[in-house]
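Visitor: Next comes the structure file query09.tsv, holding TSV, C-alpha atoms.
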chain	number	residue	atom	x	y	z
Q	1	GLY	CA	9.08	6.41	-3.88
Q	2	ASP	CA	8.85	9.94	-2.45
Q	3	LEU	CA	11.71	11.72	-0.71
Q	4	LEU	CA	10.89	13.40	2.60
Q	5	LYS	CA	13.11	15.59	4.77
Q	6	TYR	CA	13.34	14.83	8.47
Q	7	SER	CA	14.92	17.61	10.57
Q	8	PHE	CA	16.40	17.03	14.02
Q	9	LEU	CA	17.32	19.88	16.37
Q	10	ILE	CA	19.19	19.36	19.63
Q	11	GLY	CA	20.27	22.11	22.01
Q	12	ASN	CA	22.50	22.53	25.07
Q	13	GLU	CA	20.96	24.96	27.57
Q	14	ASP	CA	23.67	24.39	30.18
Q	15	LEU	CA	26.93	26.28	30.71
Q	16	ILE	CA	29.15	23.23	30.32
Q	17	LEU	CA	30.47	21.40	27.27
Q	18	TYR	CA	29.04	18.05	26.27
Q	19	PRO	CA	31.88	16.57	24.19
Q	20	TYR	CA	30.31	13.24	23.24
Q	21	VAL	CA	26.63	13.10	22.39
Q	22	THR	CA	25.15	10.09	20.57
Q	23	VAL	CA	21.68	10.14	19.02
Q	24	ASN	CA	19.97	6.78	18.31
Q	25	PHE	CA	16.98	6.58	15.97
Q	26	TYR	CA	14.00	4.30	15.46
Q	27	ASN	CA	14.03	1.98	12.43
Q	28	SER	CA	17.80	2.25	12.04
Q	29	GLU	CA	17.99	-1.50	11.26
Q	30	THR	CA	14.97	-1.94	8.97
Q	31	VAL	CA	13.92	-0.44	5.62
Q	32	PHE	CA	15.51	2.88	6.61
Q	33	ALA	CA	18.88	1.27	7.33
Q	34	GLY	CA	21.66	3.65	6.41
Q	35	GLN	CA	19.34	6.64	6.59
Q	36	PHE	CA	18.83	6.63	10.35
Q	37	SER	CA	22.35	5.72	11.42
Q	38	ASP	CA	23.63	6.96	14.80
Q	39	ARG	CA	24.81	10.57	14.94
Q	40	TYR	CA	27.83	11.66	17.02
Q	41	ILE	CA	28.10	15.35	17.88
Q	42	SER	CA	29.53	17.77	20.44
Q	43	LEU	CA	27.47	20.49	22.08
Q	44	PHE	CA	29.06	23.68	23.32
Q	45	PRO	CA	27.38	25.71	26.09
Q	46	SER	CA	24.19	27.47	24.96
Q	47	SER	CA	24.47	26.04	21.45
Q	48	GLU	CA	22.29	24.06	19.06
Q	49	ASP	CA	22.92	21.52	16.33
Q	50	LEU	CA	20.55	20.95	13.41
Q	51	PHE	CA	20.85	18.23	10.79
Q	52	ASP	CA	18.53	16.96	8.07
Q	53	ILE	CA	17.92	13.38	6.93
Q	54	ASN	CA	16.45	12.66	3.50
Q	55	LEU	CA	14.11	9.69	3.77
Q	56	ASP	CA	13.72	7.52	0.70
Q	57	CYS	CA	10.26	5.98	1.17
Q	58	LYS	CA	10.72	2.88	-0.98
Q	59	PHE	CA	8.04	0.71	0.59
Q	60	CYS	CA	4.49	1.27	1.78
Q	61	GLY	CA	3.49	0.82	5.39
Q	62	LYS	CA	3.48	2.46	8.79
Q	63	PHE	CA	6.91	3.21	10.21
Q	64	GLU	CA	8.22	4.65	13.45
Q	65	ILE	CA	10.91	7.26	12.92
Q	66	GLY	CA	12.68	9.95	14.91
Q	67	ALA	CA	15.08	10.04	17.85
Q	68	LYS	CA	14.90	7.05	20.19
Q	69	LYS	CA	17.68	7.68	22.72
Q	70	ILE	CA	20.23	10.39	23.47
Q	71	ILE	CA	23.44	9.35	25.25
Q	72	ILE	CA	25.76	11.96	26.82
Q	73	GLU	CA	29.30	11.03	27.91
Q	74	ASP	CA	32.16	13.02	29.45
Q	75	PHE	CA	35.75	13.36	28.22
Q	76	PHE	CA	37.08	10.49	30.28
Q	77	GLY	CA	34.12	8.15	30.00
Q	78	LEU	CA	33.45	8.27	33.72
Q	79	PHE	CA	29.73	8.85	33.45
Q	80	SER	CA	26.98	8.40	30.92
Q	81	LEU	CA	23.49	9.92	30.83
Q	82	ASN	CA	20.75	8.20	28.85
Q	83	TYR	CA	17.59	10.03	27.80
Q	84	GLU	CA	14.85	7.85	26.36
Q	85	ILE	CA	12.41	9.48	23.93
Q	86	PRO	CA	8.96	8.27	25.17
Q	87	SER	CA	7.20	8.10	21.81
Q	88	PRO	CA	8.36	8.05	18.19
Q	89	LEU	CA	7.04	9.92	15.21
Q	90	VAL	CA	4.94	7.88	12.78
Q	91	ILE	CA	5.09	8.06	9.00
Q	92	TYR	CA	2.44	6.52	6.73
Q	93	VAL	CA	3.71	5.59	3.26
Q	94	ASN	CA	0.86	4.90	0.84
Q	95	PRO	CA	1.16	2.29	-1.93
Q	96	ARG	CA	1.82	3.37	-5.50
Q	97	ILE	CA	-0.83	2.95	-8.16
Q	98	VAL	CA	0.84	1.05	-10.99
Q	99	ASN	CA	-1.06	1.17	-14.28
Q	100	ILE	CA	-1.30	-2.13	-16.16
Q	101	ASP	CA	-1.75	-1.86	-19.93
Q	102	TYR	CA	-2.84	-5.47	-20.43
Q	103	PHE	CA	-3.55	-8.40	-18.15
Q	104	LYS	CA	-5.05	-11.63	-19.47
Q	105	LEU	CA	-7.59	-12.96	-17.01
Q	106	ASN	CA	-8.59	-16.61	-17.05
Q	107	ILE	CA	-12.37	-16.23	-16.93
Q	108	ASN	CA	-14.70	-19.22	-16.72
Q	109	PHE	CA	-18.20	-18.64	-18.11
Q	110	LYS	CA	-19.60	-22.01	-17.12
Q	111	ALA	CA	-22.38	-20.41	-15.08
Q	112	GLU	CA	-23.51	-18.42	-18.11
Q	113	SER	CA	-24.31	-21.56	-20.05
Q	114	PHE	CA	-27.26	-22.19	-17.76
Q	115	SER	CA	-28.90	-18.95	-18.94
Q	116	ARG	CA	-28.89	-19.97	-22.57
Q	117	SER	CA	-31.74	-21.56	-24.45
Q	118	ALA	CA	-30.89	-24.99	-25.81
Q	119	VAL	CA	-33.32	-24.45	-28.71
Q	120	THR	CA	-32.40	-21.01	-29.99
Q	121	GLY	CA	-28.87	-20.73	-28.63
Q	122	GLU	CA	-29.64	-17.20	-27.48
Q	123	ASP	CA	-29.52	-15.56	-24.03
Q	124	THR	CA	-32.89	-15.70	-22.32
Q	125	GLY	CA	-32.26	-13.00	-19.72
Q	126	LEU	CA	-34.00	-9.64	-19.69
Q	127	PHE	CA	-32.19	-6.69	-21.23
Q	128	HIS	CA	-30.83	-4.59	-18.37
Q	129	GLU	CA	-28.29	-2.00	-19.61
Q	130	VAL	CA	-25.50	-1.29	-22.08
Q	131	ARG	CA	-21.88	-1.11	-21.02
Q	132	LYS	CA	-18.45	-1.08	-22.60
Q	133	TYR	CA	-16.96	-4.33	-23.83
Q	134	SER	CA	-14.77	-6.17	-21.29
Q	135	TYR	CA	-12.28	-8.90	-21.98
Q	136	GLY	CA	-14.10	-12.24	-22.15
Q	137	ASP	CA	-17.55	-10.90	-23.05
Q	138	ASN	CA	-19.58	-13.00	-25.46
Q	139	ILE	CA	-19.55	-11.56	-28.99
Q	140	LYS	CA	-23.28	-12.30	-29.30
Q	141	LYS	CA	-23.94	-9.66	-26.64
Q	142	ILE	CA	-22.51	-6.81	-28.72
Q	143	HIS	CA	-25.02	-4.02	-29.30
Q	144	TRP	CA	-24.03	-3.12	-32.87
Q	145	ASN	CA	-26.23	-0.06	-33.27
Q	146	MET	CA	-25.00	1.50	-30.03
Q	147	SER	CA	-21.42	0.53	-30.85
Q	148	ALA	CA	-21.62	2.29	-34.20
Q	149	LYS	CA	-23.15	5.39	-32.64
Q	150	LEU	CA	-20.54	5.66	-29.85
Q	151	ASN	CA	-17.64	4.47	-32.01
Q	152	GLU	CA	-16.66	1.85	-29.42
Q	153	ILE	CA	-17.78	-1.69	-28.70
Q	154	MET	CA	-20.78	-1.83	-26.37
Q	155	VAL	CA	-22.45	-4.98	-25.05
Q	156	ARG	CA	-25.90	-5.77	-23.68
Q	157	GLN	CA	-26.05	-6.53	-19.98
Q	158	LEU	CA	-28.69	-9.14	-19.13
Q	159	ARG	CA	-30.10	-9.67	-15.67
Q	160	SER	CA	-29.83	-13.45	-15.86
Q	161	THR	CA	-26.27	-13.46	-17.14
Q	162	THR	CA	-23.54	-14.00	-14.59
Q	163	ASP	CA	-21.29	-10.94	-14.42
Q	164	THR	CA	-17.55	-11.12	-14.78
Q	165	ASN	CA	-16.09	-10.50	-11.33
Q	166	LEU	CA	-12.58	-10.50	-9.96
Q	167	LEU	CA	-12.05	-12.02	-6.53
Q	168	VAL	CA	-8.81	-11.00	-4.80
Q	169	ILE	CA	-7.71	-12.84	-1.65
Q	170	PRO	CA	-4.36	-11.38	-0.52
Q	171	ASP	CA	-2.26	-13.48	1.85
Q	172	PHE	CA	-1.20	-11.24	4.75
Q	173	THR	CA	0.53	-14.06	6.64
Q	174	ALA	CA	4.00	-13.19	7.93
Q	175	ASN	CA	6.89	-14.98	6.26
Q	176	GLN	CA	10.02	-16.38	7.87
Q	177	PHE	CA	12.29	-13.85	6.15
Q	178	SER	CA	14.16	-10.98	7.71
Q	179	GLN	CA	12.11	-7.91	8.56
Q	180	GLU	CA	13.54	-5.97	5.63
Q	181	SER	CA	12.90	-8.80	3.14
Q	182	ASP	CA	9.40	-9.35	4.46
Q	183	THR	CA	8.69	-5.63	4.08
Q	184	ILE	CA	9.61	-5.86	0.39
Q	185	VAL	CA	7.33	-8.90	-0.12
Q	186	TRP	CA	4.51	-7.13	1.72
Q	187	ASP	CA	4.98	-4.02	-0.44
Q	188	LYS	CA	4.81	-6.02	-3.70
Q	189	LEU	CA	1.69	-7.85	-2.51
Q	190	ILE	CA	-0.09	-4.61	-1.65
Q	191	GLU	CA	0.80	-2.84	-4.90
Q	192	SER	CA	-0.08	-5.90	-7.01
Q	193	CYS	CA	-3.56	-6.04	-5.47
Q	194	ILE	CA	-4.07	-2.33	-6.15
Q	195	ALA	CA	-2.75	-2.51	-9.72
Q	196	LEU	CA	-4.93	-5.49	-10.63
Q	197	SER	CA	-8.02	-3.98	-9.00
Q	198	ASN	CA	-7.45	-0.69	-10.80
Q	199	TYR	CA	-7.05	-2.47	-14.15
Q	200	CYS	CA	-10.27	-4.45	-13.73
Q	201	LEU	CA	-12.34	-1.48	-12.58
Q	202	MET	CA	-11.06	0.57	-15.53
Q	203	ASN	CA	-12.34	-2.24	-17.77
Q	204	TYR	CA	-15.75	-2.42	-16.02
Q	205	ILE	CA	-14.96	-5.65	-14.15
Q	206	PRO	CA	-16.27	-5.52	-10.55
Q	207	VAL	CA	-13.77	-6.38	-7.84
Q	208	ASN	CA	-14.26	-8.25	-4.57
Q	209	ILE	CA	-11.52	-8.27	-1.96
Q	210	ILE	CA	-11.63	-10.73	0.93
Q	211	TYR	CA	-8.90	-10.39	3.54
Q	212	ASN	CA	-8.08	-11.85	6.93
Q	213	ARG	CA	-6.11	-9.56	9.20
Q	214	ASN	CA	-7.50	-9.52	12.73
Q	215	LYS	CA	-10.82	-10.67	11.31
Q	216	ILE	CA	-12.41	-11.57	8.00
Q	217	GLY	CA	-13.30	-8.49	5.96
Q	218	LYS	CA	-14.74	-7.85	2.50
Q	219	THR	CA	-14.77	-4.87	0.17
Q	220	PHE	CA	-16.60	-4.56	-3.14
Q	221	ALA	CA	-16.26	-2.06	-5.98
Q	222	LYS	CA	-18.38	-2.06	-9.11
Q	223	ASP	CA	-16.58	0.51	-11.24
Q	224	ILE	CA	-13.66	2.95	-11.20
Q	225	SER	CA	-15.67	5.51	-9.24
Q	226	SER	CA	-15.43	3.16	-6.24
Q	227	PHE	CA	-11.70	2.58	-6.60
Q	228	SER	CA	-10.98	4.72	-3.54
Q	229	GLN	CA	-12.72	2.12	-1.35
Q	230	ILE	CA	-10.42	-0.60	-2.66
Q	231	TYR	CA	-7.35	1.61	-2.30
Q	232	GLU	CA	-8.14	2.61	1.28
Q	233	CYS	CA	-8.85	-0.98	2.28
Q	234	ILE	CA	-5.56	-2.28	0.90
Q	235	SER	CA	-3.59	0.72	2.18
Q	236	GLU	CA	-4.85	0.11	5.70
Q	237	SER	CA	-3.62	-3.45	5.34
Q	238	SER	CA	-0.12	-2.16	4.70
Q	239	TYR	CA	-0.31	-0.14	7.93
Q	240	ASP	CA	-0.98	-3.36	9.85
Q	241	TYR	CA	2.52	-4.54	9.01
Q	242	GLU	CA	3.83	-3.35	12.37
Q	243	ASN	CA	1.62	-5.91	14.10
Q	244	LEU	CA	3.76	-8.64	12.57
Q	245	TYR	CA	6.93	-7.17	14.08
Q	246	PRO	CA	6.09	-5.37	17.33
Q	247	ASN	CA	8.95	-3.43	18.89
I need this file expressed as structure tokens, please.
Guide:
Amino acid sequence: GDLLKYSFLIGNEDLILYPYVTVNFYNSETVFAGQFSDRYISLFPSSEDLFDINLDCKFCGKFEIGAKKIIIEDFFGLFSLNYEIPSPLVIYVNPRIVNIDYFKLNINFKAESFSRSAVTGEDTGLFHEVRKYSYGDNIKKIHWNMSAKLNEIMVRQLRSTTDTNLLVIPDFTANQFSQESDTIVWDKLIESCIALSNYCLMNYIPVNIIYNRNKIGKTFAKDISSFSQIYECISESSYDYENLYPN
């Protein structure tokens, strides 16, 4: 969503006029369409031309930008000189962090039933720690004394009780859409994973991410202090987008 300024400077060091100069850019037909359109200029002897392009970075990912080719033609179109730029500039656009106020998770506590006593109906695990209440926690786990002291709902964490965990498996498979459309889908996938992970970690729900790019990888975060690990992992996935559409 940020706006960046790209400046391009071209100069004529010769003593002759170049009437028709065309500048082609990288990514002129993708997400930066309309921003990196061809530029047509004339260069007088010993002169320079400077122009700025405002880049609207709407989508996350790794993009090649900058001049790709410079074409010089004469008045009569008798000759044409092509200068290829050997390597582009690279811009890394990070995903946004969208804050979710509420997200209802479908949590199954079937595994927890095995840690309950059939006689007393109480948890049989050892008391481990106290943490803030998370959506889906059993009401019987509420530590009323601690909740009253801290003025917020706190629950007992038992060693034998299965923790509430979120497992995220993003699908990084390329679609059969156009490159621009696929970039939009990729962007929404990345930001959705980050937003959901951020929401869960803020509510003390650990997050596991399993992904398959060039190989199977896994990242785990227990609380919001480890959110940077999740963010970096997913951000790096957005940079791999270029591998789906090599130039």
Visitor: Smallest atom-to-atom distance to Q:Tyr199: which of Q:Val98, Q:Ser225, Q:Val155, Q:Ser235, using all atoms listed in the file?
Guide: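 Closest to Q:Tyr199 of all the choices is Q:Val98.
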Visitor: Atom CA of Q:Arg156 to atom CA of Q:Ile100: how many Å, to one decimal?
Guide: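 Distance between the two atoms: 26.0 Å.
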Visitor: Could you check how far atom CA of Q:Asn94 sits from atom CA of Q:Glu236, in Å to one decimal?
Guide: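 Separation between atom CA of Q:Asn94 and atom CA of Q:Glu236: 8.9 Å.
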Visitor: Compile the contact shell of Q:Ile16 as a PyMOL selection string: residues with an atom at most 9 Å away, counting all atoms listed in the file, same-chain residues fewer than 4 positions apart removed.
Guide: chain Q and resi 12+43-46
Visitor: Write out as a ChimeraX atom specification which residues come within 8 Å of stretch 73-84 of chain Q when counting all atoms listed in the file, dropping same-chain ones fewer than 2 positions away.
Guide: /Q:18-21,68-71,86
Visitor: Fewer than 4 positions away in the same chain doesn't count, so skip those; otherwise give me all residues within 9 Å of Q:Arg96, counting only C-alpha atoms, as a list in words.
Guide: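 Non-adjacent residues within range: Gly1, Cys60, Glu191, Ile194 and Ala195 of chain Q.
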Visitor: Some atoms are missing, so please complete stretch 8-31 of chain Q with N, CA, C and O atoms and return it as a short mmCIF file (atom, residue, chain, number, x, y, z; two decimals), in the frame of the given file.
Guide:
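part-v1.cif, freshly written:
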data_model
loop_
_atom_site.label_atom_id
_atom_site.label_comp_id
_atom_site.auth_asym_id
_atom_site.auth_seq_id
_atom_site.Cartn_x
_atom_site.Cartn_y
_atom_site.Cartn_z
N PHE Q 8 16.19 17.30 12.60
CA PHE Q 8 16.40 17.03 14.02
C PHE Q 8 17.20 18.18 14.62
O PHE Q 8 18.28 18.54 14.13
N LEU Q 9 16.67 18.76 15.69
CA LEU Q 9 17.32 19.88 16.37
C LEU Q 9 17.58 19.49 17.81
O LEU Q 9 16.67 19.05 18.52
N ILE Q 10 18.82 19.65 18.26
CA ILE Q 10 19.19 19.36 19.63
C ILE Q 10 19.95 20.56 20.18
O ILE Q 10 20.77 21.16 19.47
N GLY Q 11 19.65 20.93 21.42
CA GLY Q 11 20.27 22.11 22.01
C GLY Q 11 20.84 21.84 23.39
O GLY Q 11 20.38 20.95 24.10
N ASN Q 12 21.87 22.61 23.75
CA ASN Q 12 22.50 22.53 25.07
C ASN Q 12 22.20 23.84 25.80
O ASN Q 12 22.74 24.90 25.47
N GLU Q 13 21.33 23.77 26.82
CA GLU Q 13 20.96 24.96 27.57
C GLU Q 13 21.85 25.19 28.79
O GLU Q 13 21.68 26.18 29.51
N ASP Q 14 22.80 24.28 29.02
CA ASP Q 14 23.67 24.39 30.18
C ASP Q 14 24.90 25.24 29.84
O ASP Q 14 25.14 25.61 28.69
N LEU Q 15 25.71 25.49 30.87
CA LEU Q 15 26.93 26.28 30.71
C LEU Q 15 28.18 25.42 30.67
O LEU Q 15 29.30 25.91 30.87
N ILE Q 16 28.01 24.14 30.42
CA ILE Q 16 29.15 23.23 30.32
C ILE Q 16 29.15 22.58 28.95
O ILE Q 16 28.13 22.52 28.26
N LEU Q 17 30.30 22.06 28.57
CA LEU Q 17 30.47 21.40 27.27
C LEU Q 17 30.10 19.93 27.38
O LEU Q 17 30.49 19.25 28.33
N TYR Q 18 29.31 19.47 26.40
CA TYR Q 18 29.04 18.05 26.27
C TYR Q 18 29.83 17.54 25.06
O TYR Q 18 29.41 17.71 23.91
N PRO Q 19 30.99 16.91 25.31
CA PRO Q 19 31.88 16.57 24.19
C PRO Q 19 31.39 15.41 23.34
O PRO Q 19 31.62 15.38 22.13
N TYR Q 20 30.73 14.43 23.97
CA TYR Q 20 30.31 13.24 23.24
C TYR Q 20 28.81 13.03 23.42
O TYR Q 20 28.35 12.64 24.50
N VAL Q 21 28.08 13.29 22.38
CA VAL Q 21 26.63 13.10 22.39
C VAL Q 21 26.27 12.15 21.24
O VAL Q 21 26.64 12.40 20.08
N THR Q 22 25.58 11.08 21.57
CA THR Q 22 25.15 10.09 20.57
C THR Q 22 23.63 10.10 20.47
O THR Q 22 22.94 10.05 21.49
N VAL Q 23 23.13 10.15 19.26
CA VAL Q 23 21.68 10.14 19.02
C VAL Q 23 21.32 8.85 18.29
O VAL Q 23 21.81 8.59 17.19
N ASN Q 24 20.49 8.00 18.93
CA ASN Q 24 19.97 6.78 18.31
C ASN Q 24 18.58 7.06 17.75
O ASN Q 24 17.84 7.85 18.30
N PHE Q 25 18.26 6.37 16.64
CA PHE Q 25 16.98 6.58 15.97
C PHE Q 25 16.19 5.28 15.89
O PHE Q 25 16.75 4.18 15.90
N TYR Q 26 14.86 5.44 15.76
CA TYR Q 26 14.00 4.30 15.46
C TYR Q 26 14.24 3.85 14.03
O TYR Q 26 14.63 4.63 13.16
N ASN Q 27 13.96 2.57 13.79
CA ASN Q 27 14.03 1.98 12.43
C ASN Q 27 15.41 2.13 11.80
O ASN Q 27 15.52 2.22 10.57
N SER Q 28 16.45 2.15 12.60
CA SER Q 28 17.80 2.25 12.04
C SER Q 28 18.28 0.93 11.46
O SER Q 28 19.29 0.90 10.75
N GLU Q 29 17.56 -0.18 11.74
CA GLU Q 29 17.99 -1.50 11.26
C GLU Q 29 16.96 -2.14 10.33
O GLU Q 29 17.02 -3.33 10.08
N THR Q 30 16.01 -1.37 9.83
CA THR Q 30 14.97 -1.94 8.97
C THR Q 30 15.07 -1.33 7.57
O THR Q 30 16.15 -1.22 7.02
N VAL Q 31 13.93 -0.95 6.99
CA VAL Q 31 13.92 -0.44 5.62
C VAL Q 31 14.62 0.91 5.51
O VAL Q 31 14.98 1.33 4.41
#
